[in-house]
file run-v2.pdb (PDB, C-alpha atoms)
ATOM      1  CA  MET X   1      -7.035   1.477  12.562  1.00  0.00           C
ATOM      2  CA  GLU X   2      -7.478  -2.261  12.482  1.00  0.00           C
ATOM      3  CA  TYR X   3      -6.212  -4.152   9.482  1.00  0.00           C
ATOM      4  CA  ASN X   4      -8.337  -6.972   8.135  1.00  0.00           C
ATOM      5  CA  ARG X   5      -7.109 -10.282   6.763  1.00  0.00           C
ATOM      6  CA  HIS X   6      -7.262  -8.979   3.178  1.00  0.00           C
ATOM      7  CA  VAL X   7      -4.657  -6.315   3.943  1.00  0.00           C
ATOM      8  CA  LYS X   8      -2.440  -8.827   5.711  1.00  0.00           C
ATOM      9  CA  ASN X   9      -2.777 -11.319   2.835  1.00  0.00           C
ATOM     10  CA  ARG X  10      -1.881  -8.688   0.235  1.00  0.00           C
ATOM     11  CA  LEU X  11       1.203  -7.670   2.220  1.00  0.00           C
ATOM     12  CA  LYS X  12       2.242 -11.304   2.601  1.00  0.00           C
ATOM     13  CA  ARG X  13       1.941 -11.731  -1.177  1.00  0.00           C
ATOM     14  CA  ILE X  14       4.133  -8.675  -1.721  1.00  0.00           C
ATOM     15  CA  ALA X  15       6.680 -10.043   0.762  1.00  0.00           C
ATOM     16  CA  GLY X  16       6.633 -13.314  -1.189  1.00  0.00           C
ATOM     17  CA  GLN X  17       7.244 -11.433  -4.426  1.00  0.00           C
ATOM     18  CA  MET X  18      10.232  -9.681  -2.879  1.00  0.00           C
ATOM     19  CA  LYS X  19      11.613 -12.973  -1.598  1.00  0.00           C
ATOM     20  CA  GLY X  20      11.292 -14.323  -5.141  1.00  0.00           C
ATOM     21  CA  VAL X  21      13.178 -11.295  -6.474  1.00  0.00           C
ATOM     22  CA  LEU X  22      15.980 -11.858  -3.984  1.00  0.00           C
ATOM     23  CA  ASN X  23      16.187 -15.515  -4.992  1.00  0.00           C
ATOM     24  CA  LYS X  24      16.447 -14.525  -8.668  1.00  0.00           C
ATOM     25  CA  VAL X  25      19.230 -12.068  -7.831  1.00  0.00           C
ATOM     26  CA  GLU X  26      21.107 -14.692  -5.815  1.00  0.00           C
ATOM     27  CA  GLU X  27      20.735 -17.216  -8.645  1.00  0.00           C
ATOM     28  CA  GLY X  28      22.020 -14.709 -11.198  1.00  0.00           C
ATOM     29  CA  GLU X  29      18.800 -14.645 -13.216  1.00  0.00           C
ATOM     30  CA  ASN X  30      18.408 -12.385 -16.209  1.00  0.00           C
ATOM     31  CA  TYR X  31      17.869  -8.780 -15.166  1.00  0.00           C
ATOM     32  CA  ARG X  32      14.702  -8.573 -17.302  1.00  0.00           C
ATOM     33  CA  GLU X  33      13.005 -11.178 -15.101  1.00  0.00           C
ATOM     34  CA  ILE X  34      14.131  -9.349 -11.970  1.00  0.00           C
ATOM     35  CA  VAL X  35      12.898  -5.973 -13.231  1.00  0.00           C
ATOM     36  CA  THR X  36       9.566  -7.515 -14.209  1.00  0.00           C
ATOM     37  CA  GLN X  37       9.114  -8.941 -10.710  1.00  0.00           C
ATOM     38  CA  LEU X  38      10.209  -5.683  -9.078  1.00  0.00           C
ATOM     39  CA  SER X  39       7.679  -3.796 -11.200  1.00  0.00           C
ATOM     40  CA  ALA X  40       4.914  -6.176 -10.138  1.00  0.00           C
ATOM     41  CA  ALA X  41       5.824  -5.772  -6.463  1.00  0.00           C
ATOM     42  CA  ASN X  42       6.016  -2.002  -6.871  1.00  0.00           C
ATOM     43  CA  SER X  43       2.558  -1.896  -8.453  1.00  0.00           C
ATOM     44  CA  ALA X  44       1.139  -4.029  -5.662  1.00  0.00           C
ATOM     45  CA  LEU X  45       2.702  -1.752  -3.033  1.00  0.00           C
ATOM     46  CA  ASN X  46       1.315   1.357  -4.710  1.00  0.00           C
ATOM     47  CA  ARG X  47      -2.172  -0.174  -4.836  1.00  0.00           C
ATOM     48  CA  GLU X  48      -1.958  -1.117  -1.157  1.00  0.00           C
ATOM     49  CA  ILE X  49      -0.847   2.391  -0.210  1.00  0.00           C
ATOM     50  CA  GLY X  50      -3.875   3.812  -2.026  1.00  0.00           C
ATOM     51  CA  VAL X  51      -6.233   1.350  -0.343  1.00  0.00           C
ATOM     52  CA  MET X  52      -4.810   2.091   3.111  1.00  0.00           C
ATOM     53  CA  VAL X  53      -4.919   5.863   2.705  1.00  0.00           C
ATOM     54  CA  SER X  54      -8.455   5.887   1.271  1.00  0.00           C
ATOM     55  CA  THR X  55      -9.796   3.458   3.885  1.00  0.00           C
ATOM     56  CA  ASN X  56      -8.239   5.439   6.711  1.00  0.00           C
ATOM     57  CA  LEU X  57      -9.497   8.724   5.235  1.00  0.00           C
ATOM     58  CA  GLU X  58     -13.021   7.353   5.057  1.00  0.00           C
ATOM     59  CA  GLU X  59     -12.938   6.132   8.669  1.00  0.00           C
ATOM     60  CA  CYS X  60     -11.450   9.371   9.977  1.00  0.00           C
ATOM     61  CA  ALA X  61     -13.844  11.519   7.950  1.00  0.00           C
ATOM     62  CA  ARG X  62     -16.864   9.667   9.341  1.00  0.00           C
ATOM     63  CA  GLU X  63     -15.573  10.155  12.887  1.00  0.00           C
ATOM     64  CA  SER X  64     -14.714  13.803  12.298  1.00  0.00           C
ATOM     65  CA  ILE X  65     -18.137  14.541  10.835  1.00  0.00           C
ATOM     66  CA  LYS X  66     -19.719  13.091  13.973  1.00  0.00           C
ATOM     67  CA  GLN X  67     -17.535  15.267  16.204  1.00  0.00           C
ATOM     68  CA  ASP X  68     -17.170  18.660  14.521  1.00  0.00           C
ATOM     69  CA  GLY X  69     -18.008  18.239  10.846  1.00  0.00           C
ATOM     70  CA  LYS X  70     -14.580  19.346   9.646  1.00  0.00           C
ATOM     71  CA  THR X  71     -12.617  17.147   7.261  1.00  0.00           C
ATOM     72  CA  GLU X  72     -10.316  19.640   5.522  1.00  0.00           C
ATOM     73  CA  ASN X  73      -7.187  18.634   7.433  1.00  0.00           C
ATOM     74  CA  LEU X  74      -7.920  14.933   6.927  1.00  0.00           C
ATOM     75  CA  VAL X  75      -8.101  15.310   3.170  1.00  0.00           C
ATOM     76  CA  LYS X  76      -4.942  17.426   3.130  1.00  0.00           C
ATOM     77  CA  GLU X  77      -3.078  14.805   5.177  1.00  0.00           C
ATOM     78  CA  ALA X  78      -4.271  11.977   2.912  1.00  0.00           C
ATOM     79  CA  ILE X  79      -3.108  13.843  -0.180  1.00  0.00           C
ATOM     80  CA  GLU X  80       0.276  14.498   1.420  1.00  0.00           C
ATOM     81  CA  LEU X  81       0.658  10.794   2.182  1.00  0.00           C
ATOM     82  CA  LEU X  82      -0.200   9.815  -1.374  1.00  0.00           C
ATOM     83  CA  VAL X  83       2.205  12.380  -2.822  1.00  0.00           C
ATOM     84  CA  LYS X  84       4.937  11.246  -0.436  1.00  0.00           C
ATOM     85  CA  SER X  85       4.455   7.628  -1.502  1.00  0.00           C
ATOM     86  CA  ARG X  86       5.141   8.402  -5.161  1.00  0.00           C
TER      87      ARG X  86
END

call {"tool": "encode", "arguments": {"input": "run-v2.pdb", "output": "structure tokens"}}
result
Amino acid sequence: MEYNRHVKNRLKRIAGQMKGVLNKVEEGENYREIVTQLSAANSALNREIGVMVSTNLEECARESIKQDGKTENLVKEAIELLVKSR
């Protein structure tokens, strides 16, 4: 699977959020601010996981339909990945 610039940009934003969290920890910021930032980063990660799994599922399903028409295992694998990520 190739990742487009949107995926890379979203991951860079998440990395930036985490760097900001680390800075707040090092500066001794109030834990409420840190938890708020961690929650935002966590939400962004969860969204990105969903986007990646659904995009990959769609691509694999299209290819599988062309080859043998079976997608059952693909869907099962995608669900397992989503459950594992929670």

call {"tool": "closest_residue", "arguments": {"input": "run-v2.pdb", "among": "X:Ile65, X:Ile34, X:Leu11, X:Leu57", "to": "X:Ile79", "atoms": "only C-alpha atoms"}}
result
X:Leu57

call {"tool": "closest_residue", "arguments": {"input": "run-v2.pdb", "among": "X:Glu80, X:Val51, X:Lys66, X:Ser85", "to": "X:Tyr3", "atoms": "all atoms listed in the file"}}
result
X:Val51

call {"tool": "atom_distance", "arguments": {"input": "run-v2.pdb", "atom1": "atom CA of X:Val25", "atom2": "atom CA of X:Asn42"}}
result
16.6 Å

call {"tool": "atom_distance", "arguments": {"input": "run-v2.pdb", "atom1": "atom CA of X:Asn4", "atom2": "atom CA of X:Asp68"}}
result
27.9 Å

call {"tool": "closest_residue", "arguments": {"input": "run-v2.pdb", "among": "X:Leu74, X:Gln37, X:Glu27, X:Leu45", "to": "X:Lys12", "atoms": "only C-alpha atoms"}}
result
X:Leu45

call {"tool": "closest_residue", "arguments": {"input": "run-v2.pdb", "among": "X:Glu33, X:Glu48, X:Glu72, X:Glu26", "to": "X:Ile14", "atoms": "all atoms listed in the file"}}
result
X:Glu48

call {"tool": "closest_residue", "arguments": {"input": "run-v2.pdb", "among": "X:Cys60, X:Met52, X:Leu38, X:Val83", "to": "X:Lys24", "atoms": "all atoms listed in the file"}}
result
X:Leu38

call {"tool": "atom_distance", "arguments": {"input": "run-v2.pdb", "atom1": "atom CA of X:Glu63", "atom2": "atom CA of X:Gly50"}}
result
20.0 Å
